[in-house]
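Asks: Quick one: this structure, given as structure tokens, is what I'll be asking you about.
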Amino acid sequence: MTARKRILLIGATGSIGTSTIEVIAEHLDELELVGIAARQNAAQLEHIQQSMQVKHCVLTERDGDEALIEMLRNVPADIVVMAMVGSAGLRPTLTAIEAGMDVALANKEVLVMAGEFVMRAARTSGVRILPIDSEHNAIFQCLEGVPRKSDIRRLVLTASGGPFRDWTLDQMANATVADAMKHPNWSMGRKINVDSASMANKGLEMIEARWLFDMPPERIDVVVHPQSIVHSMVECIDGSLLTQWSPPSMTYAIRHALFYPQRRPSSTPGVDFNQALDLNFSPPDNQRFPCLRLAKEALQKGGTAPARFNAANEIAVEHFLQKRLPFLAIPQVIEHCLTNGVQEWTANRLEDILAADQTCRKQAAVFIADKFPSNPLTHDN
Ligand code: NAD
Ligand code: MG
């Protein structure tokens with residue numbers, strides 16, 4: 001038997017973590033889970049450790065953030081699956097890259113904050129960043145059919161539209177956390193559920209695509225496709241559109257990333273054409289979903305602006321999840337942080353990004369405390 005591919009899974013107890021374990025379990029003859037990490041939930045992590053016979057295990061709430069960095073530095077592996085959520089994933093991702101491991105990346109906030117620096121670090125270390133986000137994984141697959149970059153006209157990201165796709169602004173004004181958790185197609189973590197509901201997720205993904213594929217912002221578009229079967233597209237200069245399809249499960253993208261550049265058979269079914277299948281595509285509504293417009297503005301500003309977009313969104317989402325901020329205030333917090341108190345957007349060094357991230361978090365918190373003073377909202381769910 002040839003050596004198995006060794007995997008470190010960071011964020012093992014989450015939604016992407018669980019799907020990753022499902023894929024590894026289907027290919028145990030070729031894949032080996034050598035290390036896992038999560039923030040909390042010792043019981044679940046221990047269960048994974050035992051059932052998958054994992055040697056190294058870090059619970060950051062118990063062992064400290066440094067223990068995770070040590071694992072990434074010291075445990076030899078071939079690929080790291082980054083399935084943490086939020087900006088906390090930046091340092092572990094850079095550590096994995098410096099340690100010379102390929103990174104299968106779900107943790108999109110890392111590229112939104114510091115895409116230029118992360119991609120440069122990957123080039124320097126000679127490692128691959130393999131996208132697990134389904135849209136980017138789809139584009140990555142389509143691009144294999146377009147070897148010359150000058151043949152690409154634009155990238156088109158598909159968006160389900162989230163649980164509030166057909167809601168009016170009045171309805172959204174009263175949206176509860178429970179409403180935002182009811183995604184029509186995907187079962188995901190709490191933060192990305194809110195991001196999907198506000199469509200900030202698609203904004204984050206535009207920024208992610210800008211760095212992953214080195215594509216200027218004006219050549220990245222979004223189309224709403226409620227069925228989540230076409231996972232994104234590449235339009236060529238001759239007008240042909242290349243697409244990647246599969247049923248809405250993250251296991252397709254994860255399997256692709258884990259075995260790239262090869263493919264492996266799987267028992268998971270493909271798209272079923274024995275049933276009638278209607279697919280719809282429509283333009284996004286920037287009025288009802290201002291996060292899309294704000295993300296575009298952040299992309300065009302460049303420098304620290306995407307990191308500020310991300311930080312403001314993370315703080316706003318946290319407050320919404322704690323029922324301390326109404327849903328429609330999320331874009332207000334982001335807009336405030338993108339339009340106030342910034343003299344300099346340039347980011348020459350990673351430190352500039354980290355500083356902007358910290359300042360913006362404080363600025364967002366002050367704005368929320370000021371404009372939406374306490375009294376938890378009266379949601380009953
Ligand atoms: P989740 O909340 O379900 O899981 C997050 C995981 O990260 C958990 O295991 C948690 O313990 C761990 N974690 C969080 N903070 C940590 C820390 N400081 N140190 C160590 N571990 C930490 O989130 P998710 O839905 O799996 O999403 C993960 C990432 O993938 C997000 O960036 C999300 O945007 C992206 N993504 C998710 C999906 C999906 O279908 N869930 C699809 C595309 C992209
Ligand atoms: Mg996605």
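All residue names refer to the structure tokens as shown: chains lettered A, B, ... in order, residues numbered from 1 in each chain, ligands numbered from 1 in order.
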For Thr243 in chain A, find every residue with an atom within 10 Å (counting only C-alpha atoms), except residues of its own chain fewer than 3 positions away, and show them as a list in words.
Replies: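 With the cut-off at 10 Å, the set is Ala138, Ile139, Gln141, Cys142, Leu143, Val156, Val230, His231, Ser232, Met233, Val234, Glu235 and Ser240 of chain A.
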Asks: Now that the selection is made, can you save its residues with N, CA, C and O atoms as a compact mmCIF listing (two decimals), in the first residue's frame?
Replies:
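out-v3.txt, freshly written:
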# COMPACT_ATOMS: atom_id res chain seq x y z
N ALA A 138 -15.82 25.46 -7.79
CA ALA A 138 -16.41 25.33 -9.14
C ALA A 138 -15.58 26.10 -10.16
O ALA A 138 -15.25 25.58 -11.23
N ILE A 139 -15.23 27.32 -9.83
CA ILE A 139 -14.44 28.15 -10.76
C ILE A 139 -13.07 27.52 -10.99
O ILE A 139 -12.58 27.44 -12.11
N GLN A 141 -12.36 24.41 -10.91
CA GLN A 141 -12.54 23.28 -11.83
C GLN A 141 -12.75 23.78 -13.27
O GLN A 141 -12.17 23.24 -14.21
N CYS A 142 -13.59 24.81 -13.44
CA CYS A 142 -13.86 25.34 -14.78
C CYS A 142 -12.57 25.88 -15.42
O CYS A 142 -12.36 25.73 -16.63
N LEU A 143 -11.73 26.49 -14.61
CA LEU A 143 -10.53 27.13 -15.16
C LEU A 143 -9.55 26.11 -15.74
O LEU A 143 -8.68 26.48 -16.53
N VAL A 156 -18.41 34.37 -12.79
CA VAL A 156 -19.77 34.62 -12.32
C VAL A 156 -20.04 33.71 -11.12
O VAL A 156 -20.06 32.48 -11.24
N VAL A 230 -25.86 24.80 -9.94
CA VAL A 230 -24.73 25.37 -10.69
C VAL A 230 -23.91 26.18 -9.70
O VAL A 230 -24.40 27.15 -9.13
N HIS A 231 -22.66 25.75 -9.44
CA HIS A 231 -21.94 26.33 -8.30
C HIS A 231 -21.11 27.55 -8.63
O HIS A 231 -20.56 28.16 -7.71
N SER A 232 -21.00 27.89 -9.87
CA SER A 232 -20.40 29.13 -10.37
C SER A 232 -19.95 28.91 -11.80
O SER A 232 -20.07 27.79 -12.31
N MET A 233 -19.47 29.97 -12.44
CA MET A 233 -19.21 29.89 -13.88
C MET A 233 -18.00 30.74 -14.26
O MET A 233 -17.65 31.70 -13.58
N VAL A 234 -17.41 30.35 -15.40
CA VAL A 234 -16.35 31.15 -16.01
C VAL A 234 -16.81 31.49 -17.42
O VAL A 234 -17.14 30.59 -18.20
N GLU A 235 -16.87 32.78 -17.73
CA GLU A 235 -17.23 33.19 -19.09
C GLU A 235 -15.94 33.48 -19.85
O GLU A 235 -15.08 34.22 -19.37
N SER A 240 -18.60 31.93 -24.42
CA SER A 240 -18.97 30.61 -23.89
C SER A 240 -18.87 30.63 -22.37
O SER A 240 -17.97 31.23 -21.80
Asks: Quick one: residues within 7 Å of Ile132 in chain A, only C-alpha atoms, excluding same-chain residues fewer than 2 positions away - as an NGL selection string?
Replies: :A and (104-106 or 130 or 134 or 136-137 or 253-254 or 257)
Asks: Just the residues within 9 Å of range 267-275 of chain A, please, counting only C-alpha atoms, with nothing from its chain fewer than 2 positions along; format it as an MDAnalysis selection string.
Replies: chainID A and resid 26 229 245:247 251:252 265 277
Asks: Could the residues in this selection be written to a file with N, CA, C and O atoms, as an mmCIF file, in the first residue's frame?
Replies:
data_model
loop_
_atom_site.group_PDB
_atom_site.id
_atom_site.type_symbol
_atom_site.label_atom_id
_atom_site.label_comp_id
_atom_site.auth_asym_id
_atom_site.auth_seq_id
_atom_site.Cartn_x
_atom_site.Cartn_y
_atom_site.Cartn_z
ATOM 1 N N GLU A 26 -14.751 7.846 3.860
ATOM 2 C CA GLU A 26 -15.072 7.068 2.662
ATOM 3 C C GLU A 26 -13.800 6.624 1.922
ATOM 4 O O GLU A 26 -13.868 5.783 1.039
ATOM 5 N N ILE A 229 -27.367 24.429 -7.653
ATOM 6 C CA ILE A 229 -26.866 23.246 -8.381
ATOM 7 C C ILE A 229 -25.711 23.643 -9.301
ATOM 8 O O ILE A 229 -24.717 22.925 -9.412
ATOM 9 N N TRP A 245 -21.535 21.632 -11.960
ATOM 10 C CA TRP A 245 -22.800 21.293 -11.320
ATOM 11 C C TRP A 245 -22.588 20.143 -10.337
ATOM 12 O O TRP A 245 -21.798 19.246 -10.591
ATOM 13 N N SER A 246 -23.332 20.183 -9.263
ATOM 14 C CA SER A 246 -23.503 19.005 -8.408
ATOM 15 C C SER A 246 -24.615 19.324 -7.425
ATOM 16 O O SER A 246 -24.945 20.496 -7.228
ATOM 17 N N PRO A 247 -25.190 18.298 -6.804
ATOM 18 C CA PRO A 247 -26.210 18.586 -5.781
ATOM 19 C C PRO A 247 -25.590 19.421 -4.664
ATOM 20 O O PRO A 247 -24.367 19.423 -4.494
ATOM 21 N N THR A 251 -19.495 18.072 0.239
ATOM 22 C CA THR A 251 -18.568 16.934 0.089
ATOM 23 C C THR A 251 -17.948 16.882 -1.312
ATOM 24 O O THR A 251 -16.831 16.406 -1.466
ATOM 25 N N TYR A 252 -18.649 17.388 -2.328
ATOM 26 C CA TYR A 252 -18.088 17.356 -3.693
ATOM 27 C C TYR A 252 -16.825 18.214 -3.767
ATOM 28 O O TYR A 252 -15.783 17.774 -4.285
ATOM 29 N N PRO A 265 -13.652 8.047 -7.285
ATOM 30 C CA PRO A 265 -15.085 7.722 -7.342
ATOM 31 C C PRO A 265 -15.712 7.867 -5.960
ATOM 32 O O PRO A 265 -15.024 7.738 -4.947
ATOM 33 N N LEU A 277 -36.165 19.178 -13.852
ATOM 34 C CA LEU A 277 -35.285 20.053 -13.086
ATOM 35 C C LEU A 277 -35.350 21.461 -13.663
ATOM 36 O O LEU A 277 -34.979 21.688 -14.811
#
Asks: DSSP says alpha helix (DSSP H) for which residues of range 1-162 of chain A? Put them as number ranges by chain?
Replies: A: 15-26, 42-51, 60-63, 65-74, 90-98, 109-125, 134-143
Asks: Within 7 Å of ligand 2, which residues show up when you count only C-alpha atoms and all ligand atoms? List them as a PyMOL selection string, please.
Replies: chain A and resi 133-135+205
Asks: List all protein, DNA and RNA residues that have at least one atom no more than 8 Å from any atom of ligand 1, counting only C-alpha atoms and all ligand atoms, and write them as a VMD selection string.
Replies: chain A and resid 10 to 18 37 to 41 58 to 61 65 68 82 to 86 88 to 89 105 to 110 132 to 134 186 to 193 201 249 to 250
Asks: Restrict the selected residues to C-alpha atoms and save them as an mmCIF file, in the first residue's frame.
Replies:
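The result, stored in out21.cif:
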data_model
loop_
_atom_site.group_PDB
_atom_site.id
_atom_site.type_symbol
_atom_site.label_atom_id
_atom_site.label_comp_id
_atom_site.auth_asym_id
_atom_site.auth_seq_id
_atom_site.Cartn_x
_atom_site.Cartn_y
_atom_site.Cartn_z
ATOM 1 C CA ILE A 10 -8.705 22.692 11.759
ATOM 2 C CA GLY A 11 -12.305 23.335 12.774
ATOM 3 C CA ALA A 12 -13.128 19.628 12.984
ATOM 4 C CA THR A 13 -16.370 19.967 14.943
ATOM 5 C CA GLY A 14 -18.058 22.438 12.588
ATOM 6 C CA SER A 15 -20.197 21.999 9.504
ATOM 7 C CA ILE A 16 -17.275 21.867 7.023
ATOM 8 C CA GLY A 17 -15.284 19.805 9.532
ATOM 9 C CA THR A 18 -18.073 17.228 9.701
ATOM 10 C CA ALA A 37 -8.460 21.103 16.215
ATOM 11 C CA ALA A 38 -11.538 22.964 17.384
ATOM 12 C CA ARG A 39 -12.319 25.729 19.807
ATOM 13 C CA GLN A 40 -14.745 24.056 22.166
ATOM 14 C CA ASN A 41 -16.828 20.910 22.622
ATOM 15 C CA VAL A 58 -6.059 20.517 20.089
ATOM 16 C CA LEU A 59 -8.967 22.224 21.823
ATOM 17 C CA THR A 60 -7.972 25.900 21.787
ATOM 18 C CA GLU A 61 -10.267 26.913 24.647
ATOM 19 C CA ASP A 65 -4.190 29.208 20.569
ATOM 20 C CA LEU A 68 -2.782 24.958 17.459
ATOM 21 C CA MET A 82 -8.852 25.146 7.183
ATOM 22 C CA ALA A 83 -12.446 24.889 8.365
ATOM 23 C CA MET A 84 -12.312 27.449 11.150
ATOM 24 C CA VAL A 85 -14.530 30.482 10.882
ATOM 25 C CA GLY A 86 -13.558 34.159 10.892
ATOM 26 C CA ALA A 88 -8.982 33.886 13.804
ATOM 27 C CA GLY A 89 -8.018 31.570 10.943
ATOM 28 C CA LEU A 105 -9.420 26.516 2.379
ATOM 29 C CA ALA A 106 -13.023 26.928 3.527
ATOM 30 C CA ASN A 107 -12.235 29.769 5.952
ATOM 31 C CA LYS A 108 -12.925 32.562 3.417
ATOM 32 C CA GLU A 109 -12.454 35.436 5.896
ATOM 33 C CA VAL A 110 -8.709 34.739 5.735
ATOM 34 C CA ILE A 132 -13.387 24.417 -0.698
ATOM 35 C CA ASP A 133 -15.941 27.216 -0.836
ATOM 36 C CA SER A 134 -18.269 25.641 -3.413
ATOM 37 C CA TRP A 186 -27.349 24.264 2.933
ATOM 38 C CA SER A 187 -26.816 23.254 6.543
ATOM 39 C CA MET A 188 -24.008 25.475 7.851
ATOM 40 C CA GLY A 189 -22.457 27.222 10.855
ATOM 41 C CA ARG A 190 -24.193 30.159 12.535
ATOM 42 C CA LYS A 191 -22.016 32.960 11.178
ATOM 43 C CA ILE A 192 -22.198 31.906 7.525
ATOM 44 C CA ASN A 193 -25.961 31.456 7.882
ATOM 45 C CA ASN A 201 -21.425 36.004 2.144
ATOM 46 C CA SER A 249 -23.453 19.236 -0.551
ATOM 47 C CA MET A 250 -19.992 20.459 0.408
#
Asks: Any chance you could list, as a ChimeraX atom specification, the residues in range 180-356 of chain A that come up strand (DSSP E) when DSSP is run on the backbone?
Replies: /A:220-224,230-236,241-245
Asks: Can you tell me which residues surround Phe320 in chain A at a distance of at most 10 Å, considering only C-alpha atoms, apart from same-chain residues fewer than 5 positions away, and format the answer as a short mmCIF file (atom, residue, chain, number, x, y, z; two decimals) with N, CA and C atoms, in the first residue's frame?
Replies:
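And here's part-v3.cif as it stands now:
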data_model
loop_
_atom_site.label_atom_id
_atom_site.label_comp_id
_atom_site.auth_asym_id
_atom_site.auth_seq_id
_atom_site.Cartn_x
_atom_site.Cartn_y
_atom_site.Cartn_z
N THR A 176 -35.52 37.45 12.76
CA THR A 176 -34.91 36.93 13.99
C THR A 176 -33.72 36.04 13.65
N VAL A 177 -32.97 35.68 14.67
CA VAL A 177 -31.85 34.76 14.49
C VAL A 177 -32.37 33.44 13.92
N LYS A 191 -22.45 31.70 11.79
CA LYS A 191 -22.02 32.96 11.18
C LYS A 191 -22.31 32.98 9.69
N VAL A 194 -25.93 33.71 8.80
CA VAL A 194 -26.29 35.13 8.81
C VAL A 194 -25.72 35.81 7.58
N GLU A 314 -18.05 40.91 10.98
CA GLU A 314 -17.93 39.94 12.07
C GLU A 314 -18.53 40.49 13.36
N ILE A 315 -18.23 41.76 13.67
CA ILE A 315 -18.76 42.36 14.90
C ILE A 315 -20.29 42.50 14.81
N LEU A 325 -28.66 43.42 18.00
CA LEU A 325 -28.63 44.29 16.82
C LEU A 325 -29.68 43.80 15.84
N PRO A 326 -30.51 44.71 15.29
CA PRO A 326 -31.48 44.24 14.28
C PRO A 326 -30.76 43.83 13.00
N PHE A 327 -31.39 42.95 12.26
CA PHE A 327 -30.77 42.38 11.07
C PHE A 327 -30.31 43.45 10.08
N LEU A 328 -31.20 44.43 9.82
CA LEU A 328 -30.86 45.43 8.80
C LEU A 328 -29.78 46.41 9.24
N ALA A 329 -29.37 46.32 10.50
CA ALA A 329 -28.28 47.19 10.95
C ALA A 329 -26.91 46.63 10.52
N ILE A 330 -26.87 45.38 10.11
CA ILE A 330 -25.57 44.79 9.72
C ILE A 330 -24.90 45.64 8.62
N PRO A 376 -31.61 44.19 25.01
CA PRO A 376 -31.64 43.11 24.03
C PRO A 376 -32.97 43.15 23.27
N LEU A 377 -32.93 42.83 21.99
CA LEU A 377 -34.15 42.85 21.19
C LEU A 377 -35.14 41.87 21.79
#
Asks: For Gly162 in chain A, list every protein, DNA or RNA residue within 7 Å, evaluated using only C-alpha atoms, and leave out those in the same chain fewer than 2 positions away; present the list as a list of chain:residue names.
Replies: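 Everything that qualifies: A:Ser160, A:Phe164, A:Arg165, A:His183, A:Pro184, A:Ser196, A:Ala197.
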Asks: Those residues with C-alpha atoms, as a PDB file, in the first residue's frame please?
Replies:
ATOM      1  CA  SER A 160     -28.760  30.987  -3.543  1.00  0.00           C
ATOM      2  CA  PHE A 164     -34.640  36.180   2.774  1.00  0.00           C
ATOM      3  CA  ARG A 165     -34.400  36.036  -1.010  1.00  0.00           C
ATOM      4  CA  HIS A 183     -31.180  28.360   4.858  1.00  0.00           C
ATOM      5  CA  PRO A 184     -33.148  26.766   2.007  1.00  0.00           C
ATOM      6  CA  SER A 196     -25.998  34.189   3.537  1.00  0.00           C
ATOM      7  CA  ALA A 197     -29.147  35.895   4.773  1.00  0.00           C
TER       8      ALA A 197
END
Asks: Which residues come within 9 Å of Asp78 in chain A, counting only C-alpha atoms, excluding same-chain residues fewer than 6 positions away, as a list in words?
Replies: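 Listed by chain and then number, they are Lys5, Arg6, Ile7, Leu8, Gly100, Met101, Asp102 and Val103 of chain A.
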Asks: Write the selection just made, keeping all heavy atoms, as an mmCIF file, in the first residue's frame?
Replies:
data_model
loop_
_atom_site.group_PDB
_atom_site.id
_atom_site.type_symbol
_atom_site.label_atom_id
_atom_site.label_comp_id
_atom_site.auth_asym_id
_atom_site.auth_seq_id
_atom_site.Cartn_x
_atom_site.Cartn_y
_atom_site.Cartn_z
ATOM 1 N N LYS A 5 -2.345 9.942 2.241
ATOM 2 C CA LYS A 5 -2.210 11.400 2.322
ATOM 3 C C LYS A 5 -2.598 11.826 3.730
ATOM 4 O O LYS A 5 -3.694 11.506 4.203
ATOM 5 C CB LYS A 5 -3.155 12.028 1.290
ATOM 6 C CG LYS A 5 -2.818 13.440 0.912
ATOM 7 C CD LYS A 5 -3.741 13.890 -0.234
ATOM 8 C CE LYS A 5 -3.137 14.975 -1.073
ATOM 9 N NZ LYS A 5 -3.930 15.295 -2.262
ATOM 10 N N ARG A 6 -1.681 12.555 4.398
ATOM 11 C CA ARG A 6 -1.912 12.934 5.797
ATOM 12 C C ARG A 6 -2.610 14.295 5.870
ATOM 13 O O ARG A 6 -2.167 15.260 5.258
ATOM 14 C CB ARG A 6 -0.576 12.994 6.543
ATOM 15 C CG ARG A 6 0.144 11.653 6.614
ATOM 16 C CD ARG A 6 1.615 11.855 6.916
ATOM 17 N NE ARG A 6 2.240 12.700 5.899
ATOM 18 C CZ ARG A 6 3.516 13.105 5.931
ATOM 19 N NH1 ARG A 6 4.287 12.737 6.931
ATOM 20 N NH2 ARG A 6 4.013 13.863 4.970
ATOM 21 N N ILE A 7 -3.680 14.336 6.653
ATOM 22 C CA ILE A 7 -4.526 15.537 6.707
ATOM 23 C C ILE A 7 -4.585 16.106 8.123
ATOM 24 O O ILE A 7 -4.764 15.365 9.093
ATOM 25 C CB ILE A 7 -5.956 15.199 6.238
ATOM 26 C CG1 ILE A 7 -5.916 14.642 4.811
ATOM 27 C CG2 ILE A 7 -6.869 16.419 6.310
ATOM 28 C CD1 ILE A 7 -7.217 14.031 4.365
ATOM 29 N N LEU A 8 -4.444 17.427 8.225
ATOM 30 C CA LEU A 8 -4.760 18.134 9.466
ATOM 31 C C LEU A 8 -6.081 18.861 9.240
ATOM 32 O O LEU A 8 -6.234 19.558 8.235
ATOM 33 C CB LEU A 8 -3.670 19.157 9.806
ATOM 34 C CG LEU A 8 -2.296 18.612 10.222
ATOM 35 C CD1 LEU A 8 -1.298 19.765 10.368
ATOM 36 C CD2 LEU A 8 -2.407 17.858 11.538
ATOM 37 N N GLY A 100 4.920 24.576 4.764
ATOM 38 C CA GLY A 100 5.074 23.887 3.475
ATOM 39 C C GLY A 100 3.936 22.950 3.119
ATOM 40 O O GLY A 100 4.089 22.056 2.286
ATOM 41 N N MET A 101 2.773 23.137 3.757
ATOM 42 C CA MET A 101 1.645 22.245 3.464
ATOM 43 C C MET A 101 0.646 22.926 2.533
ATOM 44 O O MET A 101 0.405 24.132 2.650
ATOM 45 C CB MET A 101 0.943 21.855 4.770
ATOM 46 C CG MET A 101 1.843 21.034 5.683
ATOM 47 S SD MET A 101 1.049 20.562 7.227
ATOM 48 C CE MET A 101 1.193 22.040 8.207
ATOM 49 N N ASP A 102 0.073 22.153 1.620
ATOM 50 C CA ASP A 102 -1.041 22.669 0.824
ATOM 51 C C ASP A 102 -2.196 22.985 1.773
ATOM 52 O O ASP A 102 -2.358 22.321 2.797
ATOM 53 C CB ASP A 102 -1.518 21.620 -0.196
ATOM 54 C CG ASP A 102 -0.544 21.477 -1.362
ATOM 55 O OD1 ASP A 102 0.300 22.378 -1.556
ATOM 56 O OD2 ASP A 102 -0.633 20.467 -2.077
ATOM 57 N N VAL A 103 -2.998 23.979 1.399
ATOM 58 C CA VAL A 103 -4.133 24.353 2.248
ATOM 59 C C VAL A 103 -5.424 24.212 1.450
ATOM 60 O O VAL A 103 -5.584 24.836 0.400
ATOM 61 C CB VAL A 103 -3.993 25.804 2.762
ATOM 62 C CG1 VAL A 103 -5.231 26.198 3.565
ATOM 63 C CG2 VAL A 103 -2.734 25.966 3.612
#
Asks: Counting only C-alpha atoms, what is within 8 Å of Lys182 in chain A, bar same-chain residues fewer than 3 positions away, as a list in words?
Replies: Pro163, Ala178, Asp179 and Asn193 of chain A
Asks: Using C-alpha atoms, can you export the residues from the last selection as a tab-separated table (two decimals), in the first residue's frame?
Replies:
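Result went into out-v4.tsv, see below:
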chain	number	residue	atom	x	y	z
A	163	PRO	CA	-33.52	32.57	3.42
A	178	ALA	CA	-34.05	31.71	13.99
A	179	ASP	CA	-35.26	33.10	10.63
A	193	ASN	CA	-25.96	31.46	7.88
Asks: Calculated over only C-alpha atoms, which of the candidates A:Phe140, A:Ala365, A:Asp166, A:Arg73 has the smallest distance to Glu318 in chain A?
Replies: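 Under the stated criterion, the closest residue is A:Ala365.
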Asks: From the set A:Asp357, A:Thr20, A:Pro290, A:Ile152, which residue has the shortest atom-to-atom contact distance to Gly239 in chain A, counting only C-alpha atoms?
Replies: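 Of A:Asp357, A:Thr20, A:Pro290, A:Ile152, the one nearest Gly239 in chain A is A:Ile152, counting only C-alpha atoms.
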Asks: Would you compute the distance between CA of Asp63 in chain A and CA of Glu32 in chain A? Give it in Å to one decimal.
Replies: 23.4 Å
